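*Asks:* To be precise about what I am sending: the file is called target36.cif and holds mmCIF, C-alpha atoms.
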data_target
#
loop_
_atom_site.label_atom_id
_atom_site.label_comp_id
_atom_site.auth_asym_id
_atom_site.auth_seq_id
_atom_site.Cartn_x
_atom_site.Cartn_y
_atom_site.Cartn_z
CA MET A 130 0.00 0.00 0.00
CA LYS A 131 1.35 3.37 -1.04
CA GLU A 132 2.06 5.65 1.93
CA GLY A 133 0.16 8.91 1.67
CA ARG A 134 -1.95 11.02 3.93
CA PRO A 135 -3.70 8.57 6.25
CA LEU A 136 -7.47 8.54 6.54
CA LEU A 137 -7.33 7.36 10.13
CA ARG A 138 -4.51 7.85 12.59
CA ALA A 139 -3.75 6.96 16.20
CA SER A 140 -0.75 8.50 17.89
CA GLY A 141 0.62 7.52 21.31
CA VAL A 142 -2.74 6.19 22.47
CA HIS A 143 -3.04 5.07 26.10
CA LYS A 144 -6.17 3.45 27.51
CA SER A 145 -6.66 1.72 30.86
CA PHE A 146 -9.47 -0.19 32.51
CA GLY A 147 -8.88 0.19 36.23
CA GLU A 148 -5.42 -1.24 36.91
CA VAL A 149 -5.17 -2.86 33.49
CA GLN A 150 -3.30 -0.86 30.85
CA ALA A 151 -4.89 -2.06 27.60
CA LEU A 152 -3.02 0.38 25.32
CA ARG A 153 0.39 1.83 26.14
CA GLY A 154 1.32 4.26 23.40
CA ALA A 155 -0.28 2.67 20.34
CA ASP A 156 0.54 4.26 16.97
CA LEU A 157 -1.25 3.39 13.75
CA ALA A 158 -1.98 4.96 10.37
CA VAL A 159 -4.62 3.60 8.00
CA GLN A 160 -4.50 4.64 4.36
CA PRO A 161 -7.68 5.47 2.42
CA GLY A 162 -9.18 2.40 0.74
CA GLU A 163 -6.94 -0.14 2.44
CA ILE A 164 -8.03 -3.20 4.36
CA LEU A 165 -5.92 -3.41 7.49
CA ALA A 166 -5.91 -6.43 9.78
CA ILE A 167 -5.09 -5.91 13.46
CA MET A 168 -3.81 -9.14 14.95
CA GLY A 169 -2.39 -10.12 18.32
CA PRO A 170 -2.84 -12.46 21.26
CA SER A 171 -5.96 -12.40 23.43
CA GLY A 172 -5.85 -9.45 25.79
CA SER A 173 -3.18 -7.64 23.75
CA GLY A 174 -5.39 -4.56 23.28
CA LYS A 175 -6.46 -5.03 19.66
CA SER A 176 -10.21 -4.57 20.28
CA THR A 177 -9.51 -1.61 22.57
CA LEU A 178 -7.49 -0.03 19.75
CA LEU A 179 -10.40 -0.56 17.35
CA HIS A 180 -12.79 1.02 19.85
CA CYS A 181 -10.50 4.05 20.25
CA LEU A 182 -10.16 4.45 16.46
CA ALA A 183 -13.93 4.19 16.16
CA GLY A 184 -14.55 6.86 18.79
CA ILE A 185 -16.38 4.41 21.05
CA LEU A 186 -13.68 4.81 23.71
CA VAL A 187 -11.72 8.00 24.40
CA PRO A 188 -8.01 7.53 25.17
CA GLU A 189 -6.56 8.99 28.37
CA LYS A 190 -3.48 10.08 26.45
CA GLY A 191 -2.64 10.35 22.78
CA GLU A 192 -4.67 11.37 19.76
CA VAL A 193 -7.06 9.79 17.27
CA TRP A 194 -7.74 11.54 13.97
CA LEU A 195 -10.18 10.89 11.14
CA GLU A 196 -8.78 13.07 8.34
CA ASP A 197 -8.83 16.58 9.89
CA THR A 198 -11.10 15.73 12.79
CA LYS A 199 -9.52 15.00 16.15
CA LEU A 200 -11.87 12.57 17.85
CA ASN A 201 -10.55 13.33 21.36
CA ASP A 202 -11.88 16.88 21.12
CA LEU A 203 -15.42 15.90 20.16
CA SER A 204 -18.30 15.73 22.61
CA GLU A 205 -20.03 12.41 23.21
CA GLU A 206 -22.89 13.62 21.00
CA ALA A 207 -20.56 14.66 18.17
CA ARG A 208 -18.74 11.32 18.31
CA THR A 209 -22.06 9.47 18.12
CA LYS A 210 -22.99 11.53 15.06
CA LEU A 211 -19.62 10.86 13.46
CA ARG A 212 -19.95 7.12 14.12
CA ARG A 213 -23.44 7.04 12.66
CA GLU A 214 -22.56 9.01 9.52
CA GLN A 215 -18.98 8.00 8.72
CA TYR A 216 -18.45 4.59 10.27
CA GLY A 217 -19.94 1.14 9.84
CA PHE A 218 -19.57 -1.73 12.29
CA VAL A 219 -19.66 -5.51 12.09
CA PHE A 220 -19.09 -7.58 15.21
CA GLN A 221 -18.87 -11.27 15.95
CA PHE A 222 -22.58 -11.82 16.69
CA GLY A 223 -25.77 -10.45 18.16
CA GLN A 224 -26.07 -7.41 15.96
CA LEU A 225 -29.43 -7.81 14.27
CA VAL A 226 -32.64 -6.68 15.90
CA PRO A 227 -34.47 -9.99 16.32
CA GLU A 228 -37.97 -8.55 15.91
CA LEU A 229 -37.15 -7.02 12.51
CA THR A 230 -36.87 -8.71 9.11
CA ALA A 231 -33.58 -8.76 7.18
CA LEU A 232 -34.80 -5.90 4.98
CA GLU A 233 -35.86 -3.82 7.99
CA ASN A 234 -32.52 -4.52 9.71
CA ILE A 235 -30.58 -3.21 6.71
CA ALA A 236 -32.86 -0.19 6.29
CA LEU A 237 -32.55 0.63 9.98
CA SER A 238 -29.26 2.52 9.51
CA LEU A 239 -30.87 4.74 6.88
CA LEU A 240 -34.02 5.28 8.93
CA LEU A 241 -31.89 6.33 11.92
CA ALA A 242 -30.05 8.73 9.62
CA GLY A 243 -33.41 10.35 8.83
CA GLN A 244 -34.27 8.88 5.44
CA LYS A 245 -37.88 8.24 4.46
CA ARG A 246 -39.08 4.66 4.87
CA SER A 247 -39.68 4.12 1.13
CA GLU A 248 -36.25 5.53 0.22
CA ALA A 249 -34.51 3.50 2.93
CA PHE A 250 -36.12 0.28 1.73
CA ALA A 251 -35.32 1.05 -1.92
CA ALA A 252 -31.66 1.74 -1.05
CA SER A 253 -31.45 -1.50 0.96
CA GLU A 254 -32.83 -3.66 -1.85
CA PRO A 255 -29.69 -3.98 -4.06
CA TRP A 256 -27.68 -5.33 -1.12
CA PHE A 257 -29.60 -8.61 -1.26
CA ASP A 258 -27.99 -9.36 -4.62
CA GLN A 259 -24.66 -7.82 -3.74
CA LEU A 260 -24.25 -9.96 -0.62
CA ASP A 261 -25.96 -13.06 -2.03
CA ILE A 262 -28.88 -13.10 0.41
CA ARG A 263 -31.75 -12.67 -2.08
CA GLY A 264 -34.90 -14.41 -0.83
CA LEU A 265 -34.25 -13.60 2.83
CA GLU A 266 -35.82 -10.12 2.78
CA ASN A 267 -38.76 -11.01 5.03
CA ARG A 268 -37.00 -13.48 7.34
CA ARG A 269 -36.28 -12.47 10.90
CA ALA A 270 -32.83 -12.81 12.51
CA GLY A 271 -33.76 -16.10 14.19
CA GLU A 272 -34.85 -17.62 10.88
CA ILE A 273 -31.53 -17.30 9.02
CA SER A 274 -28.11 -18.96 9.45
CA GLY A 275 -25.16 -17.33 11.21
CA GLY A 276 -23.39 -16.68 7.90
CA GLN A 277 -26.51 -15.10 6.40
CA ALA A 278 -26.97 -12.97 9.53
CA GLN A 279 -23.39 -11.69 9.18
CA ARG A 280 -24.06 -10.74 5.56
CA VAL A 281 -27.21 -8.86 6.61
CA ALA A 282 -25.15 -7.11 9.31
CA LEU A 283 -22.52 -6.27 6.69
CA ALA A 284 -25.17 -4.81 4.38
CA ARG A 285 -26.53 -2.73 7.27
CA ALA A 286 -23.02 -1.43 7.96
CA LEU A 287 -22.29 -0.60 4.31
CA VAL A 288 -25.65 0.76 3.15
CA LEU A 289 -24.72 4.23 4.40
CA LYS A 290 -21.47 4.09 2.40
CA PRO A 291 -19.27 4.75 5.43
CA LYS A 292 -15.71 6.03 5.12
CA VAL A 293 -14.49 3.29 7.45
CA LEU A 294 -15.86 -0.16 8.24
CA PHE A 295 -14.76 -1.54 11.62
CA ALA A 296 -15.02 -5.32 11.82
CA ASP A 297 -14.23 -7.10 15.08
CA GLU A 298 -13.84 -10.87 14.54
CA PRO A 299 -16.57 -10.76 11.85
CA THR A 300 -16.31 -14.49 11.13
CA GLY A 301 -15.56 -15.60 14.69
CA SER A 302 -18.79 -17.53 15.10
CA LEU A 303 -18.88 -19.05 11.60
CA ASP A 304 -17.50 -22.26 10.09
CA THR A 305 -14.72 -22.09 7.49
CA LEU A 306 -16.85 -21.89 4.35
CA ALA A 307 -19.42 -19.45 5.80
CA GLY A 308 -16.54 -17.29 7.06
CA GLU A 309 -14.87 -17.30 3.65
CA LYS A 310 -18.10 -16.27 1.98
CA VAL A 311 -18.47 -13.32 4.38
CA MET A 312 -14.86 -12.26 3.81
CA GLU A 313 -15.11 -12.57 0.00
CA LEU A 314 -18.22 -10.38 0.02
CA LEU A 315 -16.81 -7.92 2.55
CA THR A 316 -13.63 -7.50 0.50
CA LYS A 317 -15.47 -7.04 -2.77
CA ALA A 318 -18.16 -4.67 -1.43
CA THR A 319 -15.70 -2.43 0.41
CA LYS A 320 -13.27 -2.26 -2.53
CA ASP A 321 -16.18 -1.46 -4.88
CA GLN A 322 -17.33 1.51 -2.80
CA GLN A 323 -13.81 2.43 -1.60
CA THR A 324 -14.58 1.94 2.05
CA THR A 325 -11.51 1.62 4.26
CA VAL A 326 -11.60 -1.43 6.54
CA VAL A 327 -10.09 -1.94 9.99
CA LEU A 328 -10.40 -5.62 10.78
CA VAL A 329 -9.60 -7.18 14.15
CA THR A 330 -8.96 -10.89 13.90
CA HIS A 331 -6.92 -13.68 15.43
CA ASP A 332 -7.59 -15.84 12.36
CA ALA A 333 -4.80 -15.89 9.77
CA ARG A 334 -7.17 -17.00 6.99
CA VAL A 335 -9.28 -13.90 7.64
CA ALA A 336 -6.21 -11.65 7.88
CA ALA A 337 -5.11 -12.98 4.48
CA TYR A 338 -7.96 -10.98 2.91
CA ALA A 339 -6.39 -7.75 4.19
CA ASP A 340 -3.84 -5.66 2.29
CA ARG A 341 -1.51 -5.70 5.30
CA GLU A 342 -1.47 -6.54 8.97
CA VAL A 343 -0.12 -5.10 12.20
CA ILE A 344 0.41 -6.94 15.46
CA VAL A 345 -0.69 -5.53 18.81
CA ARG A 346 1.39 -6.85 21.68
CA ASP A 347 1.06 -5.59 25.27
CA GLY A 348 -0.84 -2.53 24.14
CA VAL A 349 1.69 -1.42 21.53
CA VAL A 350 1.46 -1.77 17.74
CA THR A 351 4.32 -3.61 16.06
CA ASN A 352 4.97 -2.62 12.48
CA VAL A 353 6.05 -5.92 11.01
CA GLU A 354 7.12 -4.45 7.67
CA GLY A 355 9.63 -2.28 9.48
CA ARG A 356 11.18 -5.37 11.02
CA THR A 357 11.80 -7.20 7.77
CA LYS A 358 15.51 -7.04 7.09
CA MET B 98 22.02 -26.52 7.40
CA THR B 99 20.14 -25.49 10.53
CA ALA B 100 22.70 -27.37 12.66
CA ALA B 101 25.40 -25.01 11.37
CA PHE B 102 23.43 -21.97 12.52
CA ALA B 103 22.59 -23.67 15.80
CA PHE B 104 26.36 -24.14 16.37
CA LEU B 105 26.97 -20.47 15.57
CA GLY B 106 24.26 -19.62 18.11
CA LEU B 107 25.89 -21.86 20.72
CA LEU B 108 29.31 -20.29 20.05
CA HIS B 109 27.92 -16.76 20.20
CA LYS B 110 28.57 -16.41 23.93
CA GLY B 111 32.04 -17.98 23.91
CA PRO B 112 34.35 -20.64 22.40
CA SER B 113 33.65 -24.32 22.94
CA TYR B 114 34.93 -27.82 22.06
CA GLY B 115 33.26 -30.20 19.60
CA TYR B 116 32.15 -32.61 22.30
CA ASP B 117 30.64 -29.83 24.42
CA LEU B 118 28.92 -28.36 21.39
CA LYS B 119 27.28 -31.69 20.63
CA LYS B 120 26.07 -31.99 24.23
CA ALA B 121 24.71 -28.43 24.20
CA TYR B 122 23.07 -28.96 20.80
CA ASP B 123 21.35 -32.15 21.94
CA ALA B 124 20.14 -30.45 25.13
CA VAL B 125 18.71 -27.37 23.41
CA PHE B 126 17.73 -28.52 19.91
CA GLY B 127 17.94 -32.26 19.56
CA SER B 128 16.22 -33.98 22.46
CA GLU B 129 14.37 -36.27 20.02
CA LYS B 130 17.11 -36.52 17.40
CA PRO B 131 20.62 -36.13 18.84
CA LEU B 132 23.42 -35.26 16.40
CA ALA B 133 25.88 -38.00 15.44
CA PHE B 134 29.54 -37.13 16.12
CA GLY B 135 30.27 -37.49 12.40
CA GLN B 136 27.70 -34.81 11.66
CA VAL B 137 29.10 -32.55 14.40
CA TYR B 138 32.62 -32.58 12.94
CA ALA B 139 31.41 -32.39 9.33
CA THR B 140 29.38 -29.29 10.26
CA LEU B 141 32.30 -27.73 12.13
CA GLY B 142 34.56 -28.51 9.14
CA ARG B 143 32.22 -26.64 6.78
CA LEU B 144 31.98 -23.69 9.18
CA LEU B 145 35.81 -23.57 9.37
CA ARG B 146 36.13 -23.79 5.59
CA ASP B 147 33.66 -20.91 5.18
CA LYS B 148 35.53 -18.85 7.83
CA LYS B 149 32.46 -18.56 10.04
CA ILE B 150 34.41 -20.09 12.93
CA ASP B 151 38.08 -20.36 13.94
CA ALA B 152 39.78 -23.32 15.61
CA GLU B 153 42.40 -22.74 18.26
CA GLY B 154 44.46 -24.68 20.85
CA LYS B 155 45.27 -28.15 19.62
CA GLU B 156 47.05 -29.70 22.59
CA GLN B 157 45.67 -31.06 25.78
CA LEU B 158 48.07 -32.50 28.39
CA GLY B 159 47.71 -36.25 28.79
CA GLY B 160 44.84 -36.57 26.37
CA PRO B 161 43.93 -36.56 22.70
CA GLU B 162 44.18 -33.44 20.54
CA ARG B 163 41.21 -31.09 21.09
CA LYS B 164 40.22 -28.07 19.08
CA ARG B 165 38.48 -25.15 20.58
CA TYR B 166 36.08 -23.38 18.23
CA ALA B 167 35.18 -19.69 18.25
CA ILE B 168 32.71 -17.73 16.12
CA THR B 169 34.19 -15.12 13.74
CA ASP B 170 32.74 -11.72 12.81
CA LEU B 171 31.61 -13.26 9.53
CA GLY B 172 29.87 -16.02 11.49
CA ARG B 173 28.05 -13.45 13.62
CA GLN B 174 26.93 -11.53 10.54
CA GLU B 175 25.68 -14.71 8.85
CA LEU B 176 23.78 -15.67 12.00
CA GLN B 177 22.03 -12.28 12.16
CA LEU B 178 21.16 -12.45 8.46
CA TRP B 179 19.70 -15.92 8.86
CA LEU B 180 17.60 -14.86 11.85
CA GLY B 181 16.23 -11.87 9.95
CA LYS B 182 15.18 -13.92 6.95
CA PRO B 183 11.88 -15.84 7.02
CA GLU B 184 11.77 -19.53 6.17
CA ALA B 185 9.94 -20.54 3.01
CA ALA B 186 6.83 -22.56 3.82
CA HIS B 187 7.54 -26.27 3.36
CA PRO B 188 6.70 -29.45 5.30
CA GLY B 189 10.03 -29.43 7.13
CA ALA B 190 9.83 -25.76 8.07
CA GLN B 191 8.83 -26.40 11.67
CA ALA B 192 12.26 -27.79 12.61
CA ALA B 193 14.00 -24.74 11.14
CA LEU B 194 11.55 -22.39 12.86
CA PHE B 195 12.26 -23.97 16.22
CA VAL B 196 16.05 -23.74 15.71
CA LYS B 197 15.68 -20.04 14.89
CA VAL B 198 13.59 -19.33 17.99
CA ALA B 199 16.00 -21.23 20.26
CA THR B 200 19.05 -19.62 18.60
CA ALA B 201 17.58 -16.14 19.03
CA ILE B 202 17.17 -16.88 22.74
CA LEU B 203 20.74 -18.22 22.96
CA ILE B 204 22.22 -15.03 21.56
CA ASP B 205 19.88 -12.70 23.52
CA GLU B 206 18.06 -11.51 20.40
CA SER B 207 14.28 -11.09 20.40
CA PRO B 208 12.57 -14.30 19.27
CA GLU B 209 9.37 -12.24 18.87
CA ALA B 210 11.05 -10.17 16.14
CA PHE B 211 11.93 -13.31 14.19
CA LEU B 212 8.41 -14.74 14.72
CA ASP B 213 6.90 -11.47 13.43
CA ILE B 214 9.04 -11.64 10.29
CA GLN B 215 8.03 -15.25 9.77
CA ARG B 216 4.36 -14.47 10.42
CA ALA B 217 4.46 -11.65 7.85
CA ALA B 218 6.06 -13.96 5.26
CA HIS B 219 3.44 -16.66 5.85
CA LEU B 220 0.59 -14.14 5.68
CA GLN B 221 1.96 -12.75 2.44
CA ARG B 222 1.92 -16.27 0.97
CA MET B 223 -1.62 -16.74 2.32
CA ARG B 224 -2.69 -13.51 0.62
CA GLU B 225 -1.31 -14.81 -2.69
CA LEU B 226 -3.13 -18.12 -2.26
CA THR B 227 -6.39 -16.39 -1.27
CA LYS B 228 -6.18 -14.34 -4.47
CA LEU B 229 -5.37 -17.44 -6.51
CA ARG B 230 -8.38 -19.22 -5.03
CA ARG B 231 -10.64 -16.32 -5.91
CA GLU B 232 -9.52 -16.35 -9.52
CA GLY B 233 -9.10 -20.08 -10.10
CA ASP B 234 -11.34 -23.10 -10.78
CA LEU B 235 -12.43 -25.55 -8.11
CA ALA B 236 -9.35 -27.77 -8.46
CA GLN B 237 -7.12 -24.74 -7.97
CA THR B 238 -9.26 -23.66 -5.01
CA LEU B 239 -8.82 -27.05 -3.36
CA ARG B 240 -5.05 -27.01 -3.92
CA ALA B 241 -4.86 -23.49 -2.48
CA ASP B 242 -7.02 -24.61 0.49
CA TYR B 243 -4.54 -27.40 1.23
CA ALA B 244 -1.61 -24.98 1.25
CA LEU B 245 -3.58 -22.42 3.28
CA PHE B 246 -4.43 -24.94 6.00
CA HIS B 247 -0.76 -25.92 6.30
CA LEU B 248 0.33 -22.31 6.53
CA GLU B 249 -2.37 -21.73 9.11
CA ALA B 250 -0.99 -24.64 11.17
CA ASP B 251 2.47 -23.03 11.07
CA LEU B 252 0.95 -19.72 12.16
CA ARG B 253 -0.82 -21.37 15.08
CA TRP B 254 2.52 -22.85 16.09
CA ILE B 255 4.08 -19.38 15.81
CA ASP B 256 1.35 -17.84 18.02
CA THR B 257 1.60 -20.61 20.61
CA THR B 258 5.39 -20.43 20.65
CA GLU B 259 5.21 -16.67 21.18
CA ALA B 260 2.94 -17.27 24.16
CA ARG B 261 5.54 -19.70 25.55
CA ILE B 262 8.67 -17.63 24.94
CA LYS B 263 9.21 -16.80 28.61
CA GLU B 264 8.99 -20.46 29.60
CA LEU B 265 11.24 -21.54 26.71
CA THR B 266 13.82 -18.86 27.56
CA GLN B 267 14.01 -20.08 31.16
CA GLU B 268 14.40 -23.67 29.96
CA ILE B 269 17.15 -22.91 27.42
CA GLN B 270 19.03 -20.66 29.78
CA GLY B 271 18.75 -23.39 32.40
CA GLU B 272 20.25 -25.93 29.95
CA ARG B 273 23.13 -23.56 29.28
CA GLY B 274 23.72 -23.05 33.00
#
Go ahead and express the file in the form of structure tokens.

*Replies:*
Amino acid sequence: MKEGRPLLRASGVHKSFGEVQALRGADLAVQPGEILAIMGPSGSGKSTLLHCLAGILVPEKGEVWLEDTKLNDLSEEARTKLRREQYGFVFQFGQLVPELTALENIALSLLLAGQKRSEAFAASEPWFDQLDIRGLENRRAGEISGGQAQRVALARALVLKPKVLFADEPTGSLDTLAGEKVMELLTKATKDQQTTVVLVTHDARVAAYADREVIVRDGVVTNVEGRTK
Amino acid sequence: MTAAFAFLGLLHKGPSYGYDLKKAYDAVFGSEKPLAFGQVYATLGRLLRDKKIDAEGKEQLGGPERKRYAITDLGRQELQLWLGKPEAAHPGAQAALFVKVATAILIDESPEAFLDIQRAAHLQRMRELTKLRREGDLAQTLRADYALFHLEADLRWIDTTEARIKELTQEIQGERG
């Protein structure tokens, strides 16, 4: 990936939970359009780093920037607005509203952003072909498989065309083939609409879909490329 | 090949005799497959020929001739280069990976740095195979899957080894006294 002006940047980020120092000076730059995998052992701070980049957590020290916006300086309300308008999220499980159909779940992001119901549903429609879930429009979360639910969640995250998609172990609860299908579709959809992806995973097969990877160890990011002699 | 680098690692902290090197090698690297004496001296001979080690002191009072081996600057350079270079993925790679980890510990280098380099090389190969699978037919996909699962097994070994570095360091340093 060509080094240019990063879209997303963390600099000297520290974050603690009580006595536990989850991040101890984490630095990271994410280029526009790239898919970056954040790897590392359990408890290394990789999910905390994702939450800081996403503006869900505010670091005690250090800075997080999305282009020219410093997230640390934003109010809780402004960060929520930024997350809703510029970011998409996919987690391991439990993201769909069980009472809603697949179509309603995807349209939900647009409805929350203030779009009219008819427009939100029309904009959600093409995602059923794009993510290979056609025929599931009226099924509720409990009536579809885990892999299909992840694709619905992915559509819901991407329907607003976010600048950045944050994915935390997006295939963690899926078997190999279902996980591959999700990753193939995630890669294609985000490259098509030039969405930057920050992907937390411990799974090398998932990380292999990324353009590059960094390792988080003891709350610090290791730039592996820099180590190659 | 890896035995030569293991010897350089063992000599990194100070000169040693062939017999002692064999004992140290077996303790650190070869608990399941000790080195034969013939292989020890053949390896030392090649290292001498390539000027990666020197031999000194031939006489020992009342006993047979003994040579004391010491690593040269060239040997140290070669050792560092080898540690910084990832292993190509192949079925026998695990043995070489272990020798590198143990050697890094012996010479007080960071085994994590080597494991990161190796992880990056494996992931790069996995990226190539993932792309190949996307573009190929089913037979190609299945072949790529086979290679991917083997690389994944190596990576799991790398992750587990990293989690055990502290324990392994204590064990190796204990073996070396």

*Asks:* As a ChimeraX atom specification, please: the residues near Phe220 (chain A) (cut-off 6 Å, only C-alpha atoms, same-chain neighbours under 6 positions excluded).

*Replies:* /A:296-297,299

*Asks:* Selection in question (the file shown): the PyMOL selection byres ((chain B) within 8 of (chain A)). Which residues does it include, as an mmCIF file with C-alpha atoms, in the frame of the given file?

*Replies:*
data_model
loop_
_atom_site.group_PDB
_atom_site.id
_atom_site.type_symbol
_atom_site.label_atom_id
_atom_site.label_comp_id
_atom_site.auth_asym_id
_atom_site.auth_seq_id
_atom_site.Cartn_x
_atom_site.Cartn_y
_atom_site.Cartn_z
ATOM 1 C CA LEU B 178 21.160 -12.450 8.460
ATOM 2 C CA GLY B 181 16.230 -11.870 9.950
ATOM 3 C CA LYS B 182 15.180 -13.920 6.950
ATOM 4 C CA ALA B 210 11.050 -10.170 16.140
ATOM 5 C CA ASP B 213 6.900 -11.470 13.430
ATOM 6 C CA ILE B 214 9.040 -11.640 10.290
ATOM 7 C CA ALA B 217 4.460 -11.650 7.850
ATOM 8 C CA LEU B 220 0.590 -14.140 5.680
ATOM 9 C CA GLN B 221 1.960 -12.750 2.440
ATOM 10 C CA MET B 223 -1.620 -16.740 2.320
ATOM 11 C CA ARG B 224 -2.690 -13.510 0.620
ATOM 12 C CA THR B 227 -6.390 -16.390 -1.270
ATOM 13 C CA LEU B 245 -3.580 -22.420 3.280
ATOM 14 C CA GLU B 249 -2.370 -21.730 9.110
ATOM 15 C CA LEU B 252 0.950 -19.720 12.160
ATOM 16 C CA ASP B 256 1.350 -17.840 18.020
#

*Asks:* Quick check, in Å to one decimal: how far apart do CA of Ile168 (chain B) and CA of Gln267 (chain B) lie?

*Replies:*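 Distance reported for this atom pair: 24.1 Å.
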
*Asks:* Tell me which of B:Leu239, B:Trp254, B:Phe246, B:Glu225 sits closest to Leu212 (chain B), counting all atoms listed in the file.

*Replies:* B:Trp254

*Asks:* Using only C-alpha atoms for the distances, tell me which of B:Leu229, B:Ile255, B:Ala124, B:Leu248 is nearest to Leu107 (chain B).

*Replies:*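 Answer, going by the shortest atom-to-atom distance: B:Ala124.
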
*Asks:* Measuring between only C-alpha atoms, which one of A:Ser302, A:Ser176, A:Thr324, A:Ser140 shows the shortest distance to Tyr216 (chain A)?

*Replies:*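 Looking at the shortest contact to Tyr216 (chain A), the residue is A:Thr324.
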
*Asks:* How many Å lie between CA of Val226 (chain A) and CA of Arg269 (chain A), rounded to one decimal?

*Replies:* 8.5 Å

*Asks:* Taking the file above as input, evaluate the PyMOL selection byres ((chain A and resi 282-289) around 7) and report the hits as a ChimeraX atom specification.

*Replies:* /A:217-219,224-225,234-236,238-239,253,256,278-281,290-291

*Asks:* Neighbours of Thr266 (chain B) within 10 Å (only C-alpha atoms; same-chain residues fewer than 2 positions away dropped), as a list in words?

*Replies:*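 Listing them by chain and then by number gives Val198, Ala199, Ala201, Ile202, Leu203, Asp205, Pro208, Arg261, Ile262, Lys263, Glu264, Glu268, Ile269, Gln270, Gly271 and Glu272 of chain B.
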
*Asks:* Grab the CA of Glu259 (chain B) to CA of Phe295 (chain A) distance for me, in Å with one decimal place.

*Replies:* 26.8 Å

*Asks:* Could you check the closest approach to Lys310 (chain A) for each of B:Arg231, B:Thr258, B:Phe134, B:Leu145 and tell me which residue wins, using all atoms listed in the file?

*Replies:*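 For Lys310 (chain A), the nearest of the given residues is B:Arg231.
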
*Asks:* With all atoms listed in the file as the basis for distance, which of B:Ala103, B:Ala241, B:Val196, B:Ala218 is at the shortest distance from Glu184 (chain B)?

*Replies:*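 Comparing B:Ala103, B:Ala241, B:Val196, B:Ala218 against Glu184 (chain B), the winner is B:Ala218.
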
*Asks:* Would you kindly translate the PyMOL selection byres ((chain B and resi 140) around 12) into the concrete residues it picks from this file, as a PyMOL selection string?

*Replies:* chain B and resi 98-105+115+118-119+132-139+141-147+149-150+166

*Asks:* Would you pick out the contacts of Glu163 (chain A) at 10 Å or less, using all atoms listed in the file, so that residues sharing its chain but fewer than 5 positions from it are not included, and give the list as a ChimeraX atom specification?

*Replies:* /A:130-131,136,293,319-320,323-327,339-341

*Asks:* Restricting the calculation to all atoms listed in the file: of A:Asp156, A:Glu254, A:Asp261, A:Asp197, which residue gets closest to Leu179 (chain A)?

*Replies:*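 Among the listed residues, A:Asp156 lies closest to Leu179 (chain A).
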